[in-house]
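Text of data32.pdb, listed as PDB, C-alpha atoms:
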ATOM      1  CA  MET Q  26      55.794  30.371  74.893  1.00  0.00           C
ATOM      2  CA  SER Q  27      52.762  31.970  76.582  1.00  0.00           C
ATOM      3  CA  ALA Q  28      49.862  29.997  78.035  1.00  0.00           C
ATOM      4  CA  ASN Q  29      47.699  31.281  75.189  1.00  0.00           C
ATOM      5  CA  SER Q  30      49.923  29.831  72.471  1.00  0.00           C
ATOM      6  CA  PRO Q  31      48.762  26.723  70.632  1.00  0.00           C
ATOM      7  CA  ASP Q  32      50.001  23.565  72.343  1.00  0.00           C
ATOM      8  CA  ALA Q  33      51.728  25.523  75.119  1.00  0.00           C
ATOM      9  CA  PRO Q  34      53.130  23.295  77.896  1.00  0.00           C
ATOM     10  CA  GLY Q  35      52.915  24.205  81.562  1.00  0.00           C
ATOM     11  CA  THR Q  36      50.421  24.658  84.334  1.00  0.00           C
ATOM     12  CA  VAL Q  37      47.273  26.730  84.635  1.00  0.00           C
ATOM     13  CA  GLU Q  38      44.985  27.455  87.538  1.00  0.00           C
ATOM     14  CA  VAL Q  39      41.423  26.320  86.784  1.00  0.00           C
ATOM     15  CA  VAL Q  40      38.922  28.681  88.394  1.00  0.00           C
ATOM     16  CA  LEU Q  41      35.310  27.525  88.527  1.00  0.00           C
ATOM     17  CA  VAL Q  42      32.926  30.395  89.257  1.00  0.00           C
ATOM     18  CA  LYS Q  43      29.302  29.912  90.275  1.00  0.00           C
ATOM     19  CA  SER Q  44      26.816  32.686  91.058  1.00  0.00           C
ATOM     20  CA  GLY Q  45      29.603  35.275  90.945  1.00  0.00           C
ATOM     21  CA  ARG Q  46      31.823  33.497  93.488  1.00  0.00           C
ATOM     22  CA  THR Q  47      34.780  31.178  93.110  1.00  0.00           C
ATOM     23  CA  LYS Q  48      33.503  27.661  93.830  1.00  0.00           C
ATOM     24  CA  ILE Q  49      36.851  25.888  93.441  1.00  0.00           C
ATOM     25  CA  ARG Q  50      40.318  26.593  92.134  1.00  0.00           C
ATOM     26  CA  TYR Q  51      43.017  24.046  91.412  1.00  0.00           C
ATOM     27  CA  PRO Q  52      46.242  23.668  89.425  1.00  0.00           C
ATOM     28  CA  ALA Q  53      46.122  21.634  86.228  1.00  0.00           C
ATOM     29  CA  GLU Q  54      48.654  20.526  83.655  1.00  0.00           C
ATOM     30  CA  LEU Q  55      48.061  22.339  80.367  1.00  0.00           C
ATOM     31  CA  LEU Q  56      48.031  19.628  77.707  1.00  0.00           C
ATOM     32  CA  ALA Q  57      46.970  21.672  74.675  1.00  0.00           C
ATOM     33  CA  ASP Q  58      45.555  25.008  73.572  1.00  0.00           C
ATOM     34  CA  ASP Q  59      44.650  25.320  69.904  1.00  0.00           C
ATOM     35  CA  GLY Q  60      43.150  28.790  70.317  1.00  0.00           C
ATOM     36  CA  THR Q  61      39.589  27.428  70.609  1.00  0.00           C
ATOM     37  CA  ARG Q  62      39.818  24.395  72.908  1.00  0.00           C
ATOM     38  CA  VAL Q  63      41.976  24.222  76.034  1.00  0.00           C
ATOM     39  CA  THR Q  64      42.740  20.764  77.431  1.00  0.00           C
ATOM     40  CA  VAL Q  65      44.115  20.248  80.935  1.00  0.00           C
ATOM     41  CA  ARG Q  66      44.669  17.309  83.265  1.00  0.00           C
ATOM     42  CA  ALA Q  67      44.283  17.350  87.026  1.00  0.00           C
ATOM     43  CA  PRO Q  68      43.694  14.968  89.913  1.00  0.00           C
ATOM     44  CA  TRP Q  69      40.313  15.029  91.666  1.00  0.00           C
ATOM     45  CA  ALA Q  70      40.323  18.385  93.438  1.00  0.00           C
ATOM     46  CA  GLY Q  71      37.426  17.767  95.800  1.00  0.00           C
ATOM     47  CA  GLU Q  72      37.553  16.829  99.447  1.00  0.00           C
ATOM     48  CA  GLY Q  73      37.418  13.075  99.992  1.00  0.00           C
ATOM     49  CA  VAL Q  74      34.838  11.020  98.092  1.00  0.00           C
ATOM     50  CA  ARG Q  75      31.821  12.457  96.284  1.00  0.00           C
ATOM     51  CA  ASP Q  76      29.234   9.790  95.558  1.00  0.00           C
ATOM     52  CA  PHE Q  77      26.591  10.838  93.035  1.00  0.00           C
ATOM     53  CA  GLY Q  78      24.912   7.428  93.023  1.00  0.00           C
ATOM     54  CA  PHE Q  79      25.824   6.804  89.385  1.00  0.00           C
ATOM     55  CA  VAL Q  80      29.561   7.527  89.837  1.00  0.00           C
ATOM     56  CA  ARG Q  81      32.005   8.178  92.670  1.00  0.00           C
ATOM     57  CA  PHE Q  82      34.742  10.791  92.405  1.00  0.00           C
ATOM     58  CA  GLU Q  83      37.534   9.994  94.796  1.00  0.00           C
ATOM     59  CA  PRO Q  84      41.196  10.599  95.567  1.00  0.00           C
ATOM     60  CA  GLY Q  85      43.328   9.102  92.804  1.00  0.00           C
ATOM     61  CA  ASP Q  86      40.832   9.914  90.055  1.00  0.00           C
ATOM     62  CA  VAL Q  87      42.275  11.884  87.134  1.00  0.00           C
ATOM     63  CA  PHE Q  88      40.262  14.351  85.071  1.00  0.00           C
ATOM     64  CA  THR Q  89      41.191  15.300  81.512  1.00  0.00           C
ATOM     65  CA  GLU Q  90      39.184  18.460  81.011  1.00  0.00           C
ATOM     66  CA  HIS Q  91      38.238  20.109  77.732  1.00  0.00           C
ATOM     67  CA  TYR Q  92      37.168  23.763  77.733  1.00  0.00           C
ATOM     68  CA  TRP Q  93      36.073  25.781  74.725  1.00  0.00           C
ATOM     69  CA  ARG Q  94      36.254  29.505  74.139  1.00  0.00           C
ATOM     70  CA  ASP Q  95      33.304  29.309  71.723  1.00  0.00           C
ATOM     71  CA  ARG Q  96      31.008  26.710  73.313  1.00  0.00           C
ATOM     72  CA  TRP Q  97      28.758  26.737  76.348  1.00  0.00           C
ATOM     73  CA  TYR Q  98      30.118  23.597  77.985  1.00  0.00           C
ATOM     74  CA  ALA Q  99      33.167  21.824  79.370  1.00  0.00           C
ATOM     75  CA  VAL Q 100      33.663  18.059  79.127  1.00  0.00           C
ATOM     76  CA  LYS Q 101      35.706  16.182  81.709  1.00  0.00           C
ATOM     77  CA  GLU Q 102      36.834  12.621  81.130  1.00  0.00           C
ATOM     78  CA  VAL Q 103      37.147  10.830  84.472  1.00  0.00           C
ATOM     79  CA  ARG Q 104      39.499   7.883  85.044  1.00  0.00           C
ATOM     80  CA  ASP Q 105      40.246   6.021  88.239  1.00  0.00           C
ATOM     81  CA  ALA Q 106      43.726   5.663  89.750  1.00  0.00           C
ATOM     82  CA  GLU Q 107      44.415   2.620  87.542  1.00  0.00           C
ATOM     83  CA  GLY Q 108      43.479   4.527  84.393  1.00  0.00           C
ATOM     84  CA  VAL Q 109      40.079   2.880  83.848  1.00  0.00           C
ATOM     85  CA  ARG Q 110      37.594   5.330  82.350  1.00  0.00           C
ATOM     86  CA  LYS Q 111      34.552   5.982  84.551  1.00  0.00           C
ATOM     87  CA  GLY Q 112      32.866   8.313  82.076  1.00  0.00           C
ATOM     88  CA  TRP Q 113      32.453  11.963  81.183  1.00  0.00           C
ATOM     89  CA  TYR Q 114      31.078  14.714  83.392  1.00  0.00           C
ATOM     90  CA  CYS Q 115      29.898  17.668  81.338  1.00  0.00           C
ATOM     91  CA  ASP Q 116      29.381  21.108  82.868  1.00  0.00           C
ATOM     92  CA  ILE Q 117      27.216  23.625  81.079  1.00  0.00           C
ATOM     93  CA  THR Q 118      29.199  26.851  81.316  1.00  0.00           C
ATOM     94  CA  ARG Q 119      29.789  30.157  79.648  1.00  0.00           C
ATOM     95  CA  PRO Q 120      32.679  29.967  77.157  1.00  0.00           C
ATOM     96  CA  ALA Q 121      36.016  29.678  78.974  1.00  0.00           C
ATOM     97  CA  THR Q 122      38.672  32.371  79.149  1.00  0.00           C
ATOM     98  CA  LEU Q 123      42.405  31.843  79.627  1.00  0.00           C
ATOM     99  CA  SER Q 124      44.418  34.813  80.783  1.00  0.00           C
ATOM    100  CA  GLY Q 125      47.434  35.271  83.006  1.00  0.00           C
ATOM    101  CA  GLY Q 126      47.667  31.565  83.757  1.00  0.00           C
ATOM    102  CA  GLU Q 127      44.041  31.327  84.912  1.00  0.00           C
ATOM    103  CA  LEU Q 128      41.445  29.302  83.039  1.00  0.00           C
ATOM    104  CA  VAL Q 129      38.154  30.809  84.211  1.00  0.00           C
ATOM    105  CA  VAL Q 130      34.841  29.038  83.675  1.00  0.00           C
ATOM    106  CA  GLU Q 131      31.398  30.120  84.898  1.00  0.00           C
ATOM    107  CA  ASP Q 132      29.219  27.143  85.872  1.00  0.00           C
ATOM    108  CA  LEU Q 133      25.555  27.542  84.864  1.00  0.00           C
ATOM    109  CA  ASP Q 134      24.257  24.679  87.056  1.00  0.00           C
ATOM    110  CA  LEU Q 135      23.224  22.254  84.290  1.00  0.00           C
ATOM    111  CA  ASP Q 136      25.272  19.061  83.932  1.00  0.00           C
ATOM    112  CA  LEU Q 137      25.325  15.871  81.912  1.00  0.00           C
ATOM    113  CA  TRP Q 138      26.863  12.495  82.765  1.00  0.00           C
ATOM    114  CA  ARG Q 139      27.800   9.889  80.169  1.00  0.00           C
ATOM    115  CA  SER Q 140      29.063   6.539  81.418  1.00  0.00           C
ATOM    116  CA  ALA Q 141      32.226   5.036  79.943  1.00  0.00           C
ATOM    117  CA  ASP Q 142      30.243   2.520  77.889  1.00  0.00           C
ATOM    118  CA  GLY Q 143      27.710   5.131  76.760  1.00  0.00           C
ATOM    119  CA  THR Q 144      24.709   3.264  78.149  1.00  0.00           C
ATOM    120  CA  ASP Q 145      23.892   5.853  80.836  1.00  0.00           C
ATOM    121  CA  VAL Q 146      23.318   9.463  79.820  1.00  0.00           C
ATOM    122  CA  LEU Q 147      21.869  11.585  82.607  1.00  0.00           C
ATOM    123  CA  ARG Q 148      20.722  15.202  82.664  1.00  0.00           C
ATOM    124  CA  LEU Q 149      21.580  16.688  86.058  1.00  0.00           C
ATOM    125  CA  ASP Q 150      20.717  19.702  88.191  1.00  0.00           C
ATOM    126  CA  GLU Q 151      17.859  21.044  86.070  1.00  0.00           C
ATOM    127  CA  ASP Q 152      16.144  22.049  89.327  1.00  0.00           C
ATOM    128  CA  GLU Q 153      19.200  24.105  90.360  1.00  0.00           C
ATOM    129  CA  PHE Q 154      19.239  25.778  86.953  1.00  0.00           C
ATOM    130  CA  ALA Q 155      15.561  26.709  87.233  1.00  0.00           C
ATOM    131  CA  ALA Q 156      16.107  28.038  90.771  1.00  0.00           C
ATOM    132  CA  SER Q 157      19.119  30.108  89.682  1.00  0.00           C
ATOM    133  CA  GLY Q 158      16.867  32.666  87.991  1.00  0.00           C
ATOM    134  CA  LEU Q 159      19.146  32.872  84.948  1.00  0.00           C
ATOM    135  CA  ALA Q 160      16.147  32.701  82.592  1.00  0.00           C
ATOM    136  CA  ALA Q 161      14.928  36.008  84.062  1.00  0.00           C
ATOM    137  CA  THR Q 162      18.266  37.767  84.576  1.00  0.00           C
ATOM    138  CA  ASP Q 163      20.013  36.677  81.369  1.00  0.00           C
ATOM    139  CA  PRO Q 164      17.587  34.981  78.957  1.00  0.00           C
ATOM    140  CA  ARG Q 165      20.203  34.755  76.188  1.00  0.00           C
ATOM    141  CA  ALA Q 166      22.609  32.855  78.455  1.00  0.00           C
ATOM    142  CA  ALA Q 167      19.794  30.619  79.750  1.00  0.00           C
ATOM    143  CA  SER Q 168      18.799  29.739  76.192  1.00  0.00           C
ATOM    144  CA  ALA Q 169      22.437  29.058  75.214  1.00  0.00           C
ATOM    145  CA  ALA Q 170      22.836  26.836  78.293  1.00  0.00           C
ATOM    146  CA  GLN Q 171      19.723  24.803  77.528  1.00  0.00           C
ATOM    147  CA  ASN Q 172      20.732  24.463  73.862  1.00  0.00           C
ATOM    148  CA  ALA Q 173      24.212  23.292  74.925  1.00  0.00           C
ATOM    149  CA  LEU Q 174      22.724  20.650  77.226  1.00  0.00           C
ATOM    150  CA  ASP Q 175      20.363  19.433  74.496  1.00  0.00           C
ATOM    151  CA  SER Q 176      23.202  19.255  71.947  1.00  0.00           C
ATOM    152  CA  LEU Q 177      25.526  17.377  74.309  1.00  0.00           C
ATOM    153  CA  GLU Q 178      22.801  14.935  75.271  1.00  0.00           C
ATOM    154  CA  LEU Q 179      22.032  14.186  71.633  1.00  0.00           C
ATOM    155  CA  LEU Q 180      25.717  13.679  70.876  1.00  0.00           C
ATOM    156  CA  ALA Q 181      26.155  11.492  73.971  1.00  0.00           C
ATOM    157  CA  ARG Q 182      23.187   9.298  73.048  1.00  0.00           C
ATOM    158  CA  GLU Q 183      23.354   9.110  69.256  1.00  0.00           C
ATOM    159  CA  GLY Q 184      26.487  10.766  67.907  1.00  0.00           C
ATOM    160  CA  ASP Q 185      30.216  10.337  67.961  1.00  0.00           C
ATOM    161  CA  PHE Q 186      30.709  11.847  71.421  1.00  0.00           C
ATOM    162  CA  GLU Q 187      34.461  11.242  71.465  1.00  0.00           C
ATOM    163  CA  ALA Q 188      34.868  13.226  68.236  1.00  0.00           C
ATOM    164  CA  LEU Q 189      34.553  16.317  70.452  1.00  0.00           C
ATOM    165  CA  PHE Q 190      38.162  15.749  71.528  1.00  0.00           C
ATOM    166  CA  GLY Q 191      39.669  14.782  68.159  1.00  0.00           C
TER     167      GLY Q 191
END

Using structure tokens, write down the structure that the file contains.
Amino acid sequence: MSANSPDAPGTVEVVLVKSGRTKIRYPAELLADDGTRVTVRAPWAGEGVRDFGFVRFEPGDVFTEHYWRDRWYAVKEVRDAEGVRKGWYCDITRPATLSGGELVVEDLDLDLWRSADGTDVLRLDEDEFAASGLAATDPRAASAAQNALDSLELLAREGDFEALFG
């Protein structure tokens, strides 16, 4: 079974690209691929602890990551080493591609955090997005990114957020 087959088991390499360069790459267990959404699981791939103030990512954390080939975002459920959900970190990205065992995603700087209980929903890195110049270099992508952030925020605040993964 190839990595592009629905529900194909195995491992993929997640490649996060930002500003044309690879930001991080890490192996992940391929949980499912229905042709539109790819779901993988991986341990925290960063160095040490990353404290955002509203959440800490640290060794032992496990990310179940959902990537879409037709949507401008990726949603990552974060659980601690004991399996307790911390929340969801959402990256605004170009639609993902999976080819040759690599799941490639281009980060567009905008992010959204939703706490496990849904009480905290935070828009992140809007200053980085503005500074990226994407609105001038690729207005269509900038508009799609902003629309994706708005849609995710609305769903995180008022909708059935977890239905995204059903």

task = Find the spatial neighbours of Ser168 (chain Q), counting all atoms listed in the file, within a cut-off of 12 Å - ignore same-chain residues fewer than 3 positions away - and output them as a VMD selection string.
result = chain Q and resid 97 117 to 119 133 135 154 to 155 159 to 165 171 to 175

request  = Might you pull out every residue within 10 Å of region 186-189 of chain Q, with only C-alpha atoms counted and same-chain residues fewer than 6 positions away left off, and present them as a PyMOL selection string?
outcome  = chain Q and resi 62+91+100+113+139+143+177-180

Can I get the selected residues back with C-alpha atoms, as a PDB file, keeping the file's coordinate frame?
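Wrote result.pdb, looks like this:
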ATOM      1  CA  ARG Q  62      39.818  24.395  72.908  1.00  0.00           C
ATOM      2  CA  HIS Q  91      38.238  20.109  77.732  1.00  0.00           C
ATOM      3  CA  VAL Q 100      33.663  18.059  79.127  1.00  0.00           C
ATOM      4  CA  TRP Q 113      32.453  11.963  81.183  1.00  0.00           C
ATOM      5  CA  ARG Q 139      27.800   9.889  80.169  1.00  0.00           C
ATOM      6  CA  GLY Q 143      27.710   5.131  76.760  1.00  0.00           C
ATOM      7  CA  LEU Q 177      25.526  17.377  74.309  1.00  0.00           C
ATOM      8  CA  GLU Q 178      22.801  14.935  75.271  1.00  0.00           C
ATOM      9  CA  LEU Q 179      22.032  14.186  71.633  1.00  0.00           C
ATOM     10  CA  LEU Q 180      25.717  13.679  70.876  1.00  0.00           C
TER      11      LEU Q 180
END

Between CA of Ala167 (chain Q) and CA of Tyr114 (chain Q), distance in Å (one decimal) = 19.8 Å

inquiry  = Quick check on the file I pasted: which residues fall under the PyMOL selection byres ((chain Q and resi 86) around 8)? Write them as a ChimeraX atom specification.
reply    = /Q:68-69,82-85,87-88,103-106

remark   = Taken to one decimal, the CA of Tyr92 (chain Q)-CA of Ala121 (chain Q) distance is 6.2 Å

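For the residues Q:Ala70, Q:Ala156, Q:Leu137, Q:Leu56, ranking by smallest atom-to-atom distance to Tyr98 (chain Q) using all atoms listed in the file places Q:Leu137 first.
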
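Distances from Q:Lys101, Q:Gly35, Q:Asp132, Q:Asp142 to Thr47 (chain Q) were compared using all atoms listed in the file, and the smallest one belongs to Q:Asp132.
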
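The two atoms in question, CA of Val40 (chain Q) and CA of Glu127 (chain Q), are spaced 6.7 Å apart.
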
task = Go through Q:Gly71, Q:Leu123, Q:Val37, Q:Phe79 one by one, measure the shortest atom-to-atom distance of each to Asp59 (chain Q) using all atoms listed in the file, and give the residue with the smallest value.
result = Q:Leu123

request  = Point out the residue among Q:Val80, Q:Leu149, Q:Leu128, Q:Ala170 with the least atom-to-atom distance to Gly112 (chain Q), counting all atoms listed in the file.
outcome  = Q:Val80

Taking all atoms of region 73-87 of chain Q that appear in the file, build a box with edges along x, y and z, extend it by 8 Å on every side, and state its centre and edge lengths in Å to one decimal, as AutoDock Vina command-line options.
--center_x 34.1 --center_y 9.9 --center_z 93.6 --size_x 34.4 --size_y 22.3 --size_z 28.9

Residue by residue, what does the PyMOL selection byres ((chain Q and resi 63) around 12) grab here? Present the result as a short mmCIF file (atom, residue, chain, number, x, y, z; two decimals) with C-alpha atoms, in the frame of the given file.
data_model
loop_
_atom_site.label_atom_id
_atom_site.label_comp_id
_atom_site.auth_asym_id
_atom_site.auth_seq_id
_atom_site.Cartn_x
_atom_site.Cartn_y
_atom_site.Cartn_z
CA ALA Q 28 49.86 30.00 78.04
CA ASN Q 29 47.70 31.28 75.19
CA SER Q 30 49.92 29.83 72.47
CA PRO Q 31 48.76 26.72 70.63
CA ASP Q 32 50.00 23.56 72.34
CA ALA Q 33 51.73 25.52 75.12
CA PRO Q 34 53.13 23.30 77.90
CA THR Q 36 50.42 24.66 84.33
CA VAL Q 37 47.27 26.73 84.64
CA VAL Q 39 41.42 26.32 86.78
CA ALA Q 53 46.12 21.63 86.23
CA GLU Q 54 48.65 20.53 83.66
CA LEU Q 55 48.06 22.34 80.37
CA LEU Q 56 48.03 19.63 77.71
CA ALA Q 57 46.97 21.67 74.68
CA ASP Q 58 45.56 25.01 73.57
CA ASP Q 59 44.65 25.32 69.90
CA GLY Q 60 43.15 28.79 70.32
CA THR Q 61 39.59 27.43 70.61
CA ARG Q 62 39.82 24.40 72.91
CA THR Q 64 42.74 20.76 77.43
CA VAL Q 65 44.12 20.25 80.94
CA ARG Q 66 44.67 17.31 83.26
CA THR Q 89 41.19 15.30 81.51
CA GLU Q 90 39.18 18.46 81.01
CA HIS Q 91 38.24 20.11 77.73
CA TYR Q 92 37.17 23.76 77.73
CA TRP Q 93 36.07 25.78 74.72
CA ARG Q 94 36.25 29.50 74.14
CA ASP Q 95 33.30 29.31 71.72
CA ARG Q 96 31.01 26.71 73.31
CA ALA Q 99 33.17 21.82 79.37
CA VAL Q 100 33.66 18.06 79.13
CA LYS Q 101 35.71 16.18 81.71
CA PRO Q 120 32.68 29.97 77.16
CA ALA Q 121 36.02 29.68 78.97
CA THR Q 122 38.67 32.37 79.15
CA LEU Q 123 42.40 31.84 79.63
CA SER Q 124 44.42 34.81 80.78
CA GLU Q 127 44.04 31.33 84.91
CA LEU Q 128 41.44 29.30 83.04
CA VAL Q 129 38.15 30.81 84.21
CA VAL Q 130 34.84 29.04 83.68
CA PHE Q 190 38.16 15.75 71.53
#

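Considering only C-alpha atoms, the residue among Q:Asp150, Q:Glu38, Q:Glu183, Q:Glu107 positioned nearest to Trp138 (chain Q) is Q:Asp150.
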
Kindly output region 131-145 of chain Q as a short mmCIF file (atom, residue, chain, number, x, y, z; two decimals), in the frame of the given file, after building N, CA, C and O atoms.
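Writing the result to selection.cif gives the following:
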data_model
loop_
_atom_site.label_atom_id
_atom_site.label_comp_id
_atom_site.auth_asym_id
_atom_site.auth_seq_id
_atom_site.Cartn_x
_atom_site.Cartn_y
_atom_site.Cartn_z
N GLU Q 131 32.58 29.85 84.08
CA GLU Q 131 31.40 30.12 84.90
C GLU Q 131 30.39 28.99 84.74
O GLU Q 131 29.84 28.77 83.66
N ASP Q 132 30.15 28.27 85.83
CA ASP Q 132 29.22 27.14 85.87
C ASP Q 132 27.78 27.66 85.87
O ASP Q 132 27.44 28.53 86.65
N LEU Q 133 26.95 27.11 84.97
CA LEU Q 133 25.56 27.54 84.86
C LEU Q 133 24.58 26.49 85.41
O LEU Q 133 23.41 26.48 85.04
N ASP Q 134 25.05 25.64 86.29
CA ASP Q 134 24.26 24.68 87.06
C ASP Q 134 23.87 23.41 86.31
O ASP Q 134 23.77 22.36 86.93
N LEU Q 135 23.61 23.45 85.02
CA LEU Q 135 23.22 22.25 84.29
C LEU Q 135 24.42 21.34 84.06
O LEU Q 135 25.53 21.83 83.80
N ASP Q 136 24.20 20.03 84.13
CA ASP Q 136 25.27 19.06 83.93
C ASP Q 136 24.73 17.86 83.17
O ASP Q 136 23.52 17.63 83.13
N LEU Q 137 25.66 17.10 82.61
CA LEU Q 137 25.32 15.87 81.91
C LEU Q 137 26.37 14.83 82.27
O LEU Q 137 27.56 15.15 82.34
N TRP Q 138 25.95 13.61 82.52
CA TRP Q 138 26.86 12.50 82.76
C TRP Q 138 26.69 11.48 81.65
O TRP Q 138 25.57 11.15 81.26
N ARG Q 139 27.81 11.00 81.12
CA ARG Q 139 27.80 9.89 80.17
C ARG Q 139 28.75 8.83 80.70
O ARG Q 139 29.93 9.09 80.92
N SER Q 140 28.23 7.63 80.91
CA SER Q 140 29.06 6.54 81.42
C SER Q 140 30.10 6.13 80.38
O SER Q 140 29.96 6.43 79.19
N ALA Q 141 31.12 5.44 80.83
CA ALA Q 141 32.23 5.04 79.94
C ALA Q 141 31.74 4.21 78.76
O ALA Q 141 32.26 4.35 77.65
N ASP Q 142 30.74 3.36 78.98
CA ASP Q 142 30.24 2.52 77.89
C ASP Q 142 29.12 3.18 77.09
O ASP Q 142 28.61 2.60 76.14
N GLY Q 143 28.73 4.38 77.49
CA GLY Q 143 27.71 5.13 76.76
C GLY Q 143 26.28 4.71 77.02
O GLY Q 143 25.36 5.27 76.45
N THR Q 144 26.08 3.73 77.92
CA THR Q 144 24.71 3.26 78.15
C THR Q 144 23.91 4.18 79.07
O THR Q 144 22.69 4.20 79.00
N ASP Q 145 24.58 4.92 79.94
CA ASP Q 145 23.89 5.85 80.84
C ASP Q 145 24.22 7.28 80.43
O ASP Q 145 25.39 7.69 80.42
#
